[in-house]
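Below is model32.csv, which holds CSV, C-alpha atoms.
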```csv
chain,number,residue,atom,x,y,z
A,1,MET,CA,0.0,0.0,0.0
A,2,LYS,CA,2.8,2.4,0.8
A,3,TYR,CA,4.2,2.0,-2.7
A,4,LEU,CA,0.9,3.0,-4.2
A,5,VAL,CA,0.8,6.1,-2.0
A,6,VAL,CA,4.4,7.1,-3.0
A,7,THR,CA,3.5,6.6,-6.7
A,8,PHE,CA,0.5,8.8,-6.3
A,9,LEU,CA,2.6,11.5,-4.6
A,10,ILE,CA,5.2,11.5,-7.3
A,11,ILE,CA,2.7,11.7,-10.1
A,12,SER,CA,0.8,14.5,-8.2
A,13,ARG,CA,4.0,16.4,-7.7
A,14,VAL,CA,4.7,16.2,-11.5
A,15,TRP,CA,1.2,17.1,-12.4
A,16,TRP,CA,0.5,20.0,-10.0
A,17,GLY,CA,4.1,21.1,-9.3
A,18,ASN,CA,5.2,21.3,-13.0
A,19,PRO,CA,2.3,22.4,-15.2
A,20,ALA,CA,4.6,22.7,-18.2
A,21,ALA,CA,5.1,19.0,-18.1
A,22,ALA,CA,1.4,18.4,-18.5
A,23,GLN,CA,1.1,20.1,-21.9
A,24,ILE,CA,3.6,21.0,-24.5
A,25,ALA,CA,2.4,23.0,-27.4
A,26,GLY,CA,3.7,22.8,-30.9
A,27,GLY,CA,2.4,25.6,-33.1
A,28,GLU,CA,-1.3,26.0,-32.8
A,29,LYS,CA,-2.0,22.2,-32.3
A,30,GLU,CA,-1.4,20.6,-28.9
A,31,GLN,CA,1.4,18.0,-29.2
A,32,PHE,CA,1.3,16.4,-25.7
A,33,SER,CA,-1.3,16.4,-23.0
A,34,TRP,CA,-2.1,14.1,-20.1
A,35,LYS,CA,-4.4,13.7,-17.1
A,36,ILE,CA,-4.5,11.8,-13.9
A,37,SER,CA,-7.2,9.1,-13.4
A,38,GLY,CA,-8.1,7.1,-10.4
A,39,ARG,CA,-10.8,5.5,-8.3
A,40,VAL,CA,-11.5,4.2,-4.8
A,41,PHE,CA,-14.4,2.1,-3.5
A,42,PHE,CA,-15.7,2.2,0.1
A,43,ASP,CA,-17.6,-1.0,0.7
A,44,GLY,CA,-19.6,-2.6,3.5
A,45,GLY,CA,-22.2,-5.3,3.9
A,46,VAL,CA,-23.9,-8.1,5.7
A,47,ILE,CA,-23.7,-11.8,4.7
A,48,ASN,CA,-26.3,-14.2,6.2
A,49,ARG,CA,-24.8,-17.6,5.5
A,50,ASP,CA,-24.2,-20.2,8.3
A,51,SER,CA,-24.2,-17.1,10.6
A,52,THR,CA,-24.6,-13.4,10.1
A,53,VAL,CA,-21.3,-11.5,9.5
A,54,THR,CA,-20.5,-8.0,8.5
A,55,GLY,CA,-17.6,-6.7,6.5
A,56,PHE,CA,-16.1,-3.3,5.6
A,57,GLN,CA,-13.2,-2.5,3.3
A,58,VAL,CA,-11.6,0.0,1.0
A,59,ASN,CA,-11.6,-1.8,-2.3
A,60,ASP,CA,-10.1,-1.4,-5.7
A,61,ILE,CA,-7.8,1.6,-5.3
A,62,ARG,CA,-6.5,2.8,-8.7
A,63,ILE,CA,-4.2,5.5,-9.9
A,64,GLY,CA,-3.0,6.1,-13.4
A,65,ALA,CA,-2.2,8.5,-16.2
A,66,ASN,CA,-3.6,8.9,-19.7
A,67,VAL,CA,-1.4,10.5,-22.3
A,68,ARG,CA,-2.2,11.9,-25.8
A,69,PHE,CA,0.6,13.0,-28.1
A,70,LEU,CA,1.3,13.7,-31.8
A,71,GLU,CA,-2.3,13.8,-32.8
A,72,HIS,CA,-2.8,10.0,-33.4
A,73,TRP,CA,-1.1,8.5,-30.3
A,74,GLU,CA,-2.5,7.7,-26.9
A,75,GLY,CA,-1.1,5.8,-23.9
A,76,LYS,CA,-2.3,4.6,-20.5
A,77,ILE,CA,-0.5,3.4,-17.4
A,78,GLU,CA,-2.5,2.3,-14.3
A,79,LEU,CA,-1.7,0.6,-11.1
A,80,GLY,CA,-4.2,-0.9,-8.6
A,81,TYR,CA,-4.3,-2.1,-5.0
A,82,GLY,CA,-6.6,-4.9,-4.0
A,83,ASP,CA,-6.5,-8.2,-2.1
A,84,THR,CA,-3.5,-6.8,-0.1
A,85,LYS,CA,-1.2,-6.4,-3.1
A,86,ILE,CA,-0.3,-3.9,-5.8
A,87,ALA,CA,-0.8,-5.1,-9.4
A,88,PHE,CA,-0.6,-3.7,-13.0
A,89,ARG,CA,-4.0,-2.8,-14.5
A,90,ASP,CA,-4.2,-1.3,-18.0
A,91,ILE,CA,-0.9,-0.5,-19.7
A,92,TYR,CA,-1.1,0.1,-23.4
A,93,LEU,CA,-0.2,2.3,-26.4
A,94,ASN,CA,-2.8,3.2,-29.0
A,95,TYR,CA,-2.4,4.5,-32.6
A,96,THR,CA,-5.7,5.8,-34.2
A,97,LEU,CA,-6.1,6.8,-37.8
A,98,GLY,CA,-9.6,7.6,-38.8
A,99,ASP,CA,-11.9,4.6,-38.0
A,100,HIS,CA,-8.9,2.3,-37.4
A,101,MET,CA,-7.1,1.8,-34.1
A,102,PHE,CA,-4.1,-0.4,-33.2
A,103,ARG,CA,-3.3,-1.2,-29.6
A,104,LEU,CA,-0.3,-2.9,-28.0
A,105,GLY,CA,0.1,-3.6,-24.3
A,106,TYR,CA,-1.5,-5.3,-21.3
A,107,TYR,CA,-5.3,-5.0,-21.2
A,108,PHE,CA,-8.5,-7.0,-21.5
A,109,GLU,CA,-9.2,-9.2,-24.5
A,110,PRO,CA,-12.3,-8.4,-26.5
A,111,PHE,CA,-14.3,-11.0,-24.5
A,112,GLY,CA,-16.8,-10.6,-21.6
A,113,ASN,CA,-18.0,-7.4,-19.8
A,114,ALA,CA,-15.1,-6.8,-17.4
A,115,ARG,CA,-13.3,-4.4,-19.8
A,116,VAL,CA,-16.1,-1.8,-19.3
A,117,GLY,CA,-14.3,-1.0,-16.0
A,118,THR,CA,-15.4,-1.5,-12.4
A,119,ALA,CA,-16.6,2.1,-12.0
A,120,ASN,CA,-19.1,1.5,-14.8
A,121,PHE,CA,-20.5,-1.9,-13.6
A,122,ARG,CA,-24.3,-1.7,-13.2
A,123,PHE,CA,-24.0,-3.9,-10.1
A,124,LEU,CA,-21.2,-3.8,-7.5
A,125,ALA,CA,-19.6,-6.9,-9.1
A,126,ASN,CA,-19.9,-8.5,-12.5
A,127,ALA,CA,-22.2,-11.5,-12.9
A,128,THR,CA,-20.5,-14.7,-11.7
A,129,ALA,CA,-20.9,-16.2,-15.2
A,130,ASP,CA,-18.7,-13.4,-16.6
A,131,LYS,CA,-16.2,-13.6,-13.7
A,132,ILE,CA,-15.7,-17.4,-14.2
A,133,LEU,CA,-15.9,-17.7,-17.9
A,134,GLY,CA,-14.7,-14.3,-19.0
A,135,ASP,CA,-11.0,-13.4,-19.2
A,136,LYS,CA,-8.2,-11.5,-17.4
A,137,ARG,CA,-5.9,-8.9,-18.8
A,138,LYS,CA,-3.2,-10.3,-21.2
A,139,MET,CA,-0.3,-9.0,-23.1
A,140,GLY,CA,-1.4,-8.5,-26.7
A,141,PHE,CA,-1.9,-6.6,-29.9
A,142,THR,CA,-5.3,-5.8,-31.4
A,143,TYR,CA,-6.8,-4.0,-34.4
A,144,ALA,CA,-10.2,-2.3,-34.1
A,145,TYR,CA,-12.5,-0.8,-36.7
A,146,ASN,CA,-15.1,1.5,-35.3
A,147,ARG,CA,-18.1,3.0,-37.1
A,148,LYS,CA,-21.5,4.2,-36.0
A,149,TRP,CA,-23.2,1.0,-36.8
A,150,VAL,CA,-20.5,-1.6,-36.3
A,151,ASN,CA,-17.3,-2.4,-34.3
A,152,VAL,CA,-14.8,-5.1,-35.3
A,153,ILE,CA,-11.9,-6.1,-33.0
A,154,ALA,CA,-9.4,-8.8,-33.5
A,155,GLY,CA,-6.1,-9.6,-31.8
A,156,ILE,CA,-3.5,-12.0,-30.6
A,157,PHE,CA,-2.4,-12.4,-27.0
A,158,SER,CA,0.0,-14.2,-24.8
A,159,ASP,CA,-1.5,-16.8,-22.5
A,160,GLY,CA,1.0,-15.8,-19.7
A,161,ASP,CA,0.3,-13.6,-16.7
A,162,ILE,CA,2.7,-10.7,-16.0
A,163,ASP,CA,2.0,-10.9,-12.3
A,164,LYS,CA,3.3,-14.5,-12.1
A,165,PRO,CA,6.5,-16.3,-13.0
A,166,LYS,CA,7.2,-16.2,-16.7
A,167,PRO,CA,7.5,-19.7,-18.4
A,168,LEU,CA,9.0,-19.7,-21.8
A,169,ASN,CA,6.2,-21.6,-23.5
A,170,GLN,CA,3.2,-19.4,-22.7
A,171,GLY,CA,1.0,-20.3,-25.7
A,172,TYR,CA,-1.1,-17.8,-27.6
A,173,ILE,CA,-4.7,-16.6,-27.7
A,174,LEU,CA,-6.7,-15.5,-30.8
A,175,ALA,CA,-9.7,-13.3,-29.9
A,176,ALA,CA,-12.2,-11.3,-31.9
A,177,LYS,CA,-15.4,-9.5,-31.4
A,178,TRP,CA,-18.1,-8.2,-33.8
A,179,VAL,CA,-20.7,-5.7,-32.6
A,180,GLY,CA,-23.6,-4.6,-34.8
A,181,ARG,CA,-26.1,-1.8,-34.0
A,182,PRO,CA,-29.0,-2.3,-36.5
A,183,PHE,CA,-30.9,0.4,-34.7
A,184,MET,CA,-29.5,3.4,-32.8
A,185,LYS,CA,-31.4,6.7,-32.5
A,186,ASP,CA,-31.9,9.1,-29.6
A,187,LYS,CA,-32.6,7.1,-26.5
A,188,LYS,CA,-33.1,3.8,-28.3
A,189,LEU,CA,-30.5,1.1,-29.2
A,190,VAL,CA,-30.3,-2.5,-30.4
A,191,HIS,CA,-26.8,-4.0,-29.9
A,192,ILE,CA,-25.8,-7.5,-30.9
A,193,GLY,CA,-22.4,-8.9,-30.2
A,194,VAL,CA,-20.5,-12.1,-31.0
A,195,ALA,CA,-17.0,-12.9,-29.6
A,196,PRO,CA,-15.1,-16.2,-30.4
A,197,ARG,CA,-11.8,-17.0,-28.6
A,198,PHE,CA,-9.2,-19.7,-29.1
A,199,CYS,CA,-6.4,-20.7,-26.6
A,200,SER,CA,-3.6,-23.0,-27.9
A,201,ASN,CA,-1.6,-24.0,-24.8
A,202,ALA,CA,-3.4,-25.3,-21.7
A,203,SER,CA,-2.8,-28.9,-20.4
A,204,GLU,CA,-4.9,-28.0,-17.3
A,205,ILE,CA,-7.6,-25.4,-16.9
A,206,SER,CA,-9.5,-24.5,-13.7
A,207,TYR,CA,-12.8,-22.7,-13.2
A,208,SER,CA,-13.8,-21.4,-9.8
A,209,GLY,CA,-16.0,-18.7,-8.4
A,210,GLY,CA,-18.8,-17.8,-6.0
A,211,ALA,CA,-21.1,-15.0,-5.0
A,212,PRO,CA,-20.8,-11.7,-7.0
A,213,THR,CA,-19.3,-9.8,-4.1
A,214,ASP,CA,-15.9,-8.4,-3.1
A,215,LEU,CA,-16.5,-8.6,0.6
A,216,LEU,CA,-15.3,-12.3,0.8
A,217,SER,CA,-11.9,-13.6,0.1
A,218,LYS,CA,-11.4,-16.0,-2.8
A,219,LYS,CA,-11.1,-18.9,-0.3
A,220,GLU,CA,-14.3,-17.9,1.5
A,221,ASN,CA,-16.2,-17.4,-1.7
A,222,THR,CA,-15.4,-20.6,-3.7
A,223,ILE,CA,-18.8,-22.2,-4.3
A,224,LEU,CA,-17.9,-23.7,-7.7
A,225,ASP,CA,-14.6,-25.4,-8.6
A,226,ALA,CA,-13.7,-27.5,-11.6
A,227,ARG,CA,-10.2,-28.7,-12.5
A,228,VAL,CA,-9.9,-30.1,-16.0
A,229,GLU,CA,-6.8,-32.1,-17.1
A,230,GLN,CA,-5.6,-33.6,-20.4
A,231,VAL,CA,-6.6,-30.4,-22.3
A,232,ILE,CA,-5.4,-30.0,-25.9
A,233,ASN,CA,-6.9,-26.5,-26.5
A,234,GLN,CA,-9.8,-24.3,-25.5
A,235,TRP,CA,-12.5,-22.6,-27.5
A,236,LYS,CA,-14.8,-19.9,-26.0
A,237,LEU,CA,-17.9,-18.1,-27.3
A,238,ASP,CA,-19.6,-14.9,-25.9
A,239,LEU,CA,-23.0,-13.9,-27.3
A,240,GLU,CA,-24.5,-10.6,-26.0
A,241,VAL,CA,-27.5,-8.3,-26.5
A,242,ILE,CA,-28.0,-4.8,-25.2
A,243,LEU,CA,-31.4,-3.0,-25.6
A,244,LEU,CA,-32.0,0.7,-24.6
A,245,TYR,CA,-35.5,2.2,-24.8
A,246,ASN,CA,-36.0,5.6,-23.3
A,247,LYS,CA,-35.4,5.0,-19.5
A,248,TRP,CA,-35.3,1.2,-19.8
A,249,TYR,CA,-32.1,-0.9,-20.1
A,250,MET,CA,-31.6,-4.6,-20.7
A,251,GLN,CA,-28.3,-6.6,-21.2
A,252,GLY,CA,-27.7,-10.3,-21.5
A,253,GLN,CA,-24.7,-12.6,-22.2
A,254,TYR,CA,-24.2,-16.3,-22.8
A,255,PHE,CA,-20.8,-17.9,-22.3
A,256,LEU,CA,-19.6,-21.3,-23.5
A,257,SER,CA,-16.1,-22.7,-22.8
A,258,HIS,CA,-15.3,-25.9,-24.7
A,259,LEU,CA,-12.2,-27.9,-23.9
A,260,ASN,CA,-10.8,-30.4,-26.4
A,261,ARG,CA,-9.1,-33.2,-24.5
A,262,PHE,CA,-7.0,-36.3,-25.3
A,263,ALA,CA,-7.9,-39.7,-23.9
A,264,ALA,CA,-10.9,-38.1,-22.1
A,265,PRO,CA,-14.3,-36.7,-23.1
A,266,ASP,CA,-14.4,-33.1,-24.1
A,267,TYR,CA,-15.7,-30.7,-21.5
A,268,ASN,CA,-18.1,-27.8,-21.7
A,269,ALA,CA,-18.7,-25.1,-19.1
A,270,GLU,CA,-21.7,-22.8,-19.5
A,271,GLY,CA,-23.0,-19.6,-18.0
A,272,SER,CA,-25.3,-16.7,-18.7
A,273,TYR,CA,-27.0,-13.7,-17.1
A,274,ILE,CA,-29.7,-11.2,-18.0
A,275,GLN,CA,-30.1,-7.8,-16.2
A,276,ALA,CA,-32.5,-5.0,-16.6
A,277,GLY,CA,-32.8,-1.5,-15.3
A,278,TYR,CA,-35.0,1.6,-15.2
A,279,MET,CA,-34.0,5.2,-14.7
A,280,ILE,CA,-36.2,6.7,-12.0
A,281,LEU,CA,-34.3,10.0,-12.1
A,282,GLY,CA,-32.4,11.1,-15.2
A,283,GLU,CA,-33.0,10.9,-18.9
A,284,LYS,CA,-31.3,7.8,-20.2
A,285,HIS,CA,-28.5,5.3,-19.9
A,286,ASN,CA,-25.3,6.3,-21.6
A,287,TYR,CA,-23.7,4.1,-24.3
A,288,ASN,CA,-20.1,4.2,-25.7
A,289,SER,CA,-20.2,3.3,-29.4
A,290,VAL,CA,-16.4,2.9,-29.5
A,291,THR,CA,-16.2,0.3,-26.8
A,292,GLY,CA,-19.7,-1.0,-27.4
A,293,MET,CA,-20.7,-0.8,-23.7
A,294,VAL,CA,-23.1,0.8,-21.4
A,295,VAL,CA,-21.4,3.4,-19.1
A,296,ASN,CA,-22.6,5.5,-16.2
A,297,PRO,CA,-25.5,7.9,-16.7
A,298,ASP,CA,-25.3,11.6,-16.0
A,299,GLN,CA,-25.1,13.1,-12.5
A,300,GLY,CA,-28.3,13.2,-10.5
A,301,SER,CA,-29.5,9.9,-12.1
A,302,LEU,CA,-31.1,7.2,-10.0
A,303,GLU,CA,-31.5,3.7,-11.4
A,304,VAL,CA,-33.0,0.5,-10.1
A,305,LEU,CA,-31.8,-2.9,-11.4
A,306,VAL,CA,-32.5,-6.6,-11.4
A,307,ARG,CA,-30.3,-9.5,-12.5
A,308,TYR,CA,-30.5,-13.3,-12.9
A,309,ASP,CA,-27.2,-15.2,-13.2
A,310,ASN,CA,-26.4,-18.9,-13.6
A,311,VAL,CA,-23.3,-21.1,-14.1
A,312,ASN,CA,-23.0,-24.9,-14.7
A,313,LEU,CA,-19.5,-26.5,-14.4
A,314,ASN,CA,-20.9,-30.1,-14.4
A,315,ASP,CA,-19.9,-32.0,-17.5
A,316,ALA,CA,-17.9,-35.0,-18.8
A,317,GLY,CA,-17.9,-36.7,-15.3
A,318,ILE,CA,-16.4,-33.5,-13.7
A,319,ARG,CA,-18.5,-32.1,-10.8
A,320,GLY,CA,-17.5,-28.5,-10.6
A,321,GLY,CA,-21.0,-27.5,-9.3
A,322,CYS,CA,-23.8,-25.3,-10.5
A,323,MET,CA,-25.4,-22.2,-9.0
A,324,SER,CA,-27.7,-19.3,-9.7
A,325,ASP,CA,-28.4,-16.0,-8.1
A,326,VAL,CA,-30.9,-13.1,-8.2
A,327,SER,CA,-29.6,-9.6,-7.5
A,328,LEU,CA,-31.5,-6.3,-6.9
A,329,GLY,CA,-29.6,-3.0,-7.2
A,330,MET,CA,-30.0,0.7,-6.8
A,331,ASN,CA,-27.5,3.4,-8.0
A,332,TYR,CA,-27.5,7.1,-7.3
A,333,PHE,CA,-25.0,9.2,-9.2
A,334,ILE,CA,-24.5,12.2,-6.8
A,335,ASN,CA,-22.2,14.1,-9.2
A,336,ARG,CA,-19.5,13.4,-11.9
A,337,PHE,CA,-17.1,11.9,-9.3
A,338,VAL,CA,-19.2,10.3,-6.5
A,339,ALA,CA,-21.9,7.6,-6.7
A,340,ALA,CA,-23.7,5.5,-4.0
A,341,LYS,CA,-24.8,2.0,-4.7
A,342,ILE,CA,-26.6,-0.8,-2.9
A,343,ASN,CA,-27.2,-4.5,-3.9
A,344,TYR,CA,-29.2,-7.4,-2.5
A,345,ILE,CA,-28.1,-10.9,-3.6
A,346,ARG,CA,-29.9,-14.2,-3.1
A,347,MET,CA,-27.4,-17.0,-3.8
A,348,MET,CA,-28.8,-20.5,-4.7
A,349,PRO,CA,-26.1,-23.1,-5.1
A,350,GLY,CA,-26.9,-26.5,-6.6
A,351,ARG,CA,-26.5,-29.9,-4.9
A,352,THR,CA,-23.1,-30.4,-6.5
A,353,ALA,CA,-21.7,-27.0,-5.4
A,354,LEU,CA,-19.1,-26.9,-2.6
A,355,GLY,CA,-21.0,-26.8,0.7
A,356,GLY,CA,-24.1,-28.3,-0.9
A,357,LYS,CA,-27.4,-26.7,-1.7
A,358,ASN,CA,-27.4,-24.1,1.0
A,359,SER,CA,-28.9,-20.7,-0.1
A,360,PHE,CA,-27.8,-17.5,1.5
A,361,ASP,CA,-28.2,-13.7,1.3
A,362,VAL,CA,-25.8,-10.8,0.8
A,363,VAL,CA,-26.5,-7.1,1.3
A,364,GLN,CA,-23.7,-4.8,0.3
A,365,ALA,CA,-23.3,-1.1,-0.3
A,366,ARG,CA,-20.7,1.2,-1.8
A,367,VAL,CA,-19.6,4.8,-2.1
A,368,GLN,CA,-17.3,5.1,-5.1
A,369,PHE,CA,-15.1,8.1,-6.0
A,370,SER,CA,-13.6,8.1,-9.5
A,371,PHE,CA,-12.0,10.7,-11.7
```
Would you encode the structure as structure tokens?
Amino acid sequence: MKYLVVTFLIISRVWWGNPAAAQIAGGEKEQFSWKISGRVFFDGGVINRDSTVTGFQVNDIRIGANVRFLEHWEGKIELGYGDTKIAFRDIYLNYTLGDHMFRLGYYFEPFGNARVGTANFRFLANATADKILGDKRKMGFTYAYNRKWVNVIAGIFSDGDIDKPKPLNQGYILAAKWVGRPFMKDKKLVHIGVAPRFCSNASEISYSGGAPTDLLSKKENTILDARVEQVINQWKLDLEVILLYNKWYMQGQYFLSHLNRFAAPDYNAEGSYIQAGYMILGEKHNYNSVTGMVVNPDQGSLEVLVRYDNVNLNDAGIRGGCMSDVSLGMNYFINRFVAAKINYIRMMPGRTALGGKNSFDVVQARVQFSF
């Protein structure tokens, strides 16, 4: 934690103590500009499982810098503190030319919903289906084509993890995503997305997860756990739909992870969720057509949400467990920088889940500060 504070102080000193370093002008067109970004979440909640327990924490502390230079170039460096350790978050370099963008660095693959950013999650945590079957940040290179009606992203990534020891044979990942918007006008949108993914090198793959909350540690929150051996390669598929109509919002995703295996039956893990919301205060939900994702509404907005989420890791004789949950949420965006959120979750593990078929409840709240 102290290293993150030192980093913040150094960046702040450069930013506020030396304004000339923040912007260098060349003729009439700005040649170099940058800004500080960051976030911190103040979380608390009650979990009614075998007994009633409470938890409070400062969660997901981030600090970073976004840089623009020479008209077509952009870079980002971000560090985060969570789970008692400091880790790299987004670190990348972009080159944009018209509708075309090239990106090199460490960032999320074009798969799943995590890349929208935790500050823009509609609930306090992503659906368990997305957390288990989605993907982490990877080192890679992508090409993106962005127009009003369509986004196409394709890239190649390393299957290694820069936060862990670096084996020489890391394997590779091929990932792509197509997003079409057959209807987009005023406060109305129809968004359809398809994302295939292939991983070449994985002799053993594990899936694990639990309730969509950050109040519990990974060990305390492992309800599903599947370890699959004798793997040749992995194919994944992500299908998504987003609908916006005036103050209404709906989003759903289906995930399939297929493992080809030698001397053993192939294995399939599946998961899906559907969530919907209504804006009580405020005009509409905001949508970013470049990323193809719903982001936070304007200040003063109040939204209510509901979500159903399910995951099944039982297949090919492997009992990884199955579970579903129902979540209710409410978000109030006090201003551009501060929001208050509260969620209720009813967890419903299946008989094959760790701990058996014992349902429980979670109530959690958050005040988030982001800039």
**OP:** Select, from A:Glu109, A:Asp90, A:Asp43, A:Asp315, the residue with the minimum atom-to-atom distance to Ala65 of chain A, counting all atoms listed in the file.
**Re:** A:Asp90
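When only C-alpha atoms are used to compute distances to His285 of chain A, the closest of the residues A:Lys185, A:Arg103, A:Lys247, A:Lys76 turns out to be A:Lys247.
Atom CA of Phe141 of chain A to atom CA of Gly155 of chain A spans 5.5 Å [interatomic distance, one decimal].
In this model, the gap between atom CA of Asn314 of chain A and atom CA of Ile274 of chain A comes to 21.2 Å.
Considering all atoms listed in the file, the residue among A:Tyr267, A:Trp235, A:Tyr344, A:Phe56 positioned nearest to Arg319 of chain A is A:Tyr267.
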Subject >> Minimum-distance residue to Tyr95 of chain A, chosen among A:Val116, A:Met184, A:Leu70, A:Val152 (using all atoms listed in the file) >> reply: A:Leu70
Subject >> Ile345 of chain A environment, 12 Å, all atoms listed in the file, sequence neighbours closer than 5 positions dropped, as a PyMOL selection string >> reply: chain A and resi 45-49+123-125+127-128+210-213+305-309+324-329+359-365
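Taking atom CA of Leu104 of chain A as the reference point, atom CA of Glu204 of chain A is found at 27.7 Å.
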Subject >> Of the listed residues A:Asn296, A:Thr54, A:Ser33, A:Asn343, that which approaches Ser370 of chain A most closely, counting all atoms listed in the file >> reply: A:Asn296
Subject >> Selected residue of minimal separation from Asn126 of chain A among A:Tyr145, A:Tyr207, A:Phe262, A:Tyr273, counting only C-alpha atoms >> reply: A:Tyr273
Original post:
Hey, what's within 9 Å of Trp149 of chain A if we count all atoms listed in the file and toss same-chain stuff fewer than 3 positions away? As a ChimeraX atom specification, please?
Top reply: /A:146,179-184,289
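Residues surrounding Phe198 of chain A within 7 Å are Ile173, Leu174, Ala175, Gln234, Trp235 and Lys236 of chain A [all atoms listed in the file; sequence separation below 3 positions excluded].
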Subject >> Tyr172 of chain A environment, 8 Å, only C-alpha atoms, sequence neighbours closer than 3 positions dropped, as a PyMOL selection string >> reply: chain A and resi 156-159+199-201
N, CA, C and O atoms for segment 150-162 of chain A, written as a PDB file, keeping the file's coordinate frame, could you do that?
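What landed in selection-v6.pdb:
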```pdb
ATOM      1  N   VAL A 150     -21.174  -0.306 -36.438  1.00  0.00           N
ATOM      2  CA  VAL A 150     -20.500  -1.600 -36.300  1.00  0.00           C
ATOM      3  C   VAL A 150     -19.113  -1.353 -35.591  1.00  0.00           C
ATOM      4  O   VAL A 150     -18.476  -0.311 -35.770  1.00  0.00           O
ATOM      5  N   ASN A 151     -18.673  -2.344 -34.792  1.00  0.00           N
ATOM      6  CA  ASN A 151     -17.300  -2.400 -34.300  1.00  0.00           C
ATOM      7  C   ASN A 151     -16.762  -3.817 -34.602  1.00  0.00           C
ATOM      8  O   ASN A 151     -17.469  -4.813 -34.440  1.00  0.00           O
ATOM      9  N   VAL A 152     -15.522  -3.861 -35.044  1.00  0.00           N
ATOM     10  CA  VAL A 152     -14.800  -5.100 -35.300  1.00  0.00           C
ATOM     11  C   VAL A 152     -13.483  -5.059 -34.571  1.00  0.00           C
ATOM     12  O   VAL A 152     -12.716  -4.116 -34.783  1.00  0.00           O
ATOM     13  N   ILE A 153     -13.207  -6.035 -33.714  1.00  0.00           N
ATOM     14  CA  ILE A 153     -11.900  -6.100 -33.000  1.00  0.00           C
ATOM     15  C   ILE A 153     -11.346  -7.486 -33.153  1.00  0.00           C
ATOM     16  O   ILE A 153     -12.064  -8.481 -33.044  1.00  0.00           O
ATOM     17  N   ALA A 154     -10.045  -7.554 -33.420  1.00  0.00           N
ATOM     18  CA  ALA A 154      -9.400  -8.800 -33.500  1.00  0.00           C
ATOM     19  C   ALA A 154      -7.949  -8.680 -33.020  1.00  0.00           C
ATOM     20  O   ALA A 154      -7.312  -7.642 -33.232  1.00  0.00           O
ATOM     21  N   GLY A 155      -7.455  -9.710 -32.312  1.00  0.00           N
ATOM     22  CA  GLY A 155      -6.100  -9.600 -31.800  1.00  0.00           C
ATOM     23  C   GLY A 155      -5.497 -10.917 -31.398  1.00  0.00           C
ATOM     24  O   GLY A 155      -6.150 -11.964 -31.390  1.00  0.00           O
ATOM     25  N   ILE A 156      -4.206 -10.863 -31.113  1.00  0.00           N
ATOM     26  CA  ILE A 156      -3.500 -12.000 -30.600  1.00  0.00           C
ATOM     27  C   ILE A 156      -2.827 -11.660 -29.294  1.00  0.00           C
ATOM     28  O   ILE A 156      -2.326 -10.546 -29.116  1.00  0.00           O
ATOM     29  N   PHE A 157      -2.887 -12.600 -28.338  1.00  0.00           N
ATOM     30  CA  PHE A 157      -2.400 -12.400 -27.000  1.00  0.00           C
ATOM     31  C   PHE A 157      -1.566 -13.498 -26.490  1.00  0.00           C
ATOM     32  O   PHE A 157      -1.696 -14.641 -26.946  1.00  0.00           O
ATOM     33  N   SER A 158      -0.713 -13.198 -25.537  1.00  0.00           N
ATOM     34  CA  SER A 158       0.000 -14.200 -24.800  1.00  0.00           C
ATOM     35  C   SER A 158      -0.893 -14.842 -23.760  1.00  0.00           C
ATOM     36  O   SER A 158      -1.725 -14.147 -23.175  1.00  0.00           O
ATOM     37  N   ASP A 159      -0.731 -16.136 -23.508  1.00  0.00           N
ATOM     38  CA  ASP A 159      -1.500 -16.800 -22.500  1.00  0.00           C
ATOM     39  C   ASP A 159      -0.828 -16.723 -21.113  1.00  0.00           C
ATOM     40  O   ASP A 159      -1.255 -17.360 -20.160  1.00  0.00           O
ATOM     41  N   GLY A 160       0.259 -15.942 -21.007  1.00  0.00           N
ATOM     42  CA  GLY A 160       1.000 -15.800 -19.700  1.00  0.00           C
ATOM     43  C   GLY A 160       0.300 -14.744 -18.858  1.00  0.00           C
ATOM     44  O   GLY A 160      -0.658 -14.079 -19.245  1.00  0.00           O
ATOM     45  N   ASP A 161       0.821 -14.586 -17.650  1.00  0.00           N
ATOM     46  CA  ASP A 161       0.300 -13.600 -16.700  1.00  0.00           C
ATOM     47  C   ASP A 161       1.519 -12.832 -16.162  1.00  0.00           C
ATOM     48  O   ASP A 161       2.431 -13.406 -15.556  1.00  0.00           O
ATOM     49  N   ILE A 162       1.542 -11.514 -16.394  1.00  0.00           N
ATOM     50  CA  ILE A 162       2.700 -10.700 -16.000  1.00  0.00           C
ATOM     51  C   ILE A 162       2.882 -10.585 -14.524  1.00  0.00           C
ATOM     52  O   ILE A 162       3.938 -10.149 -14.060  1.00  0.00           O
TER      53      ILE A 162
END
```
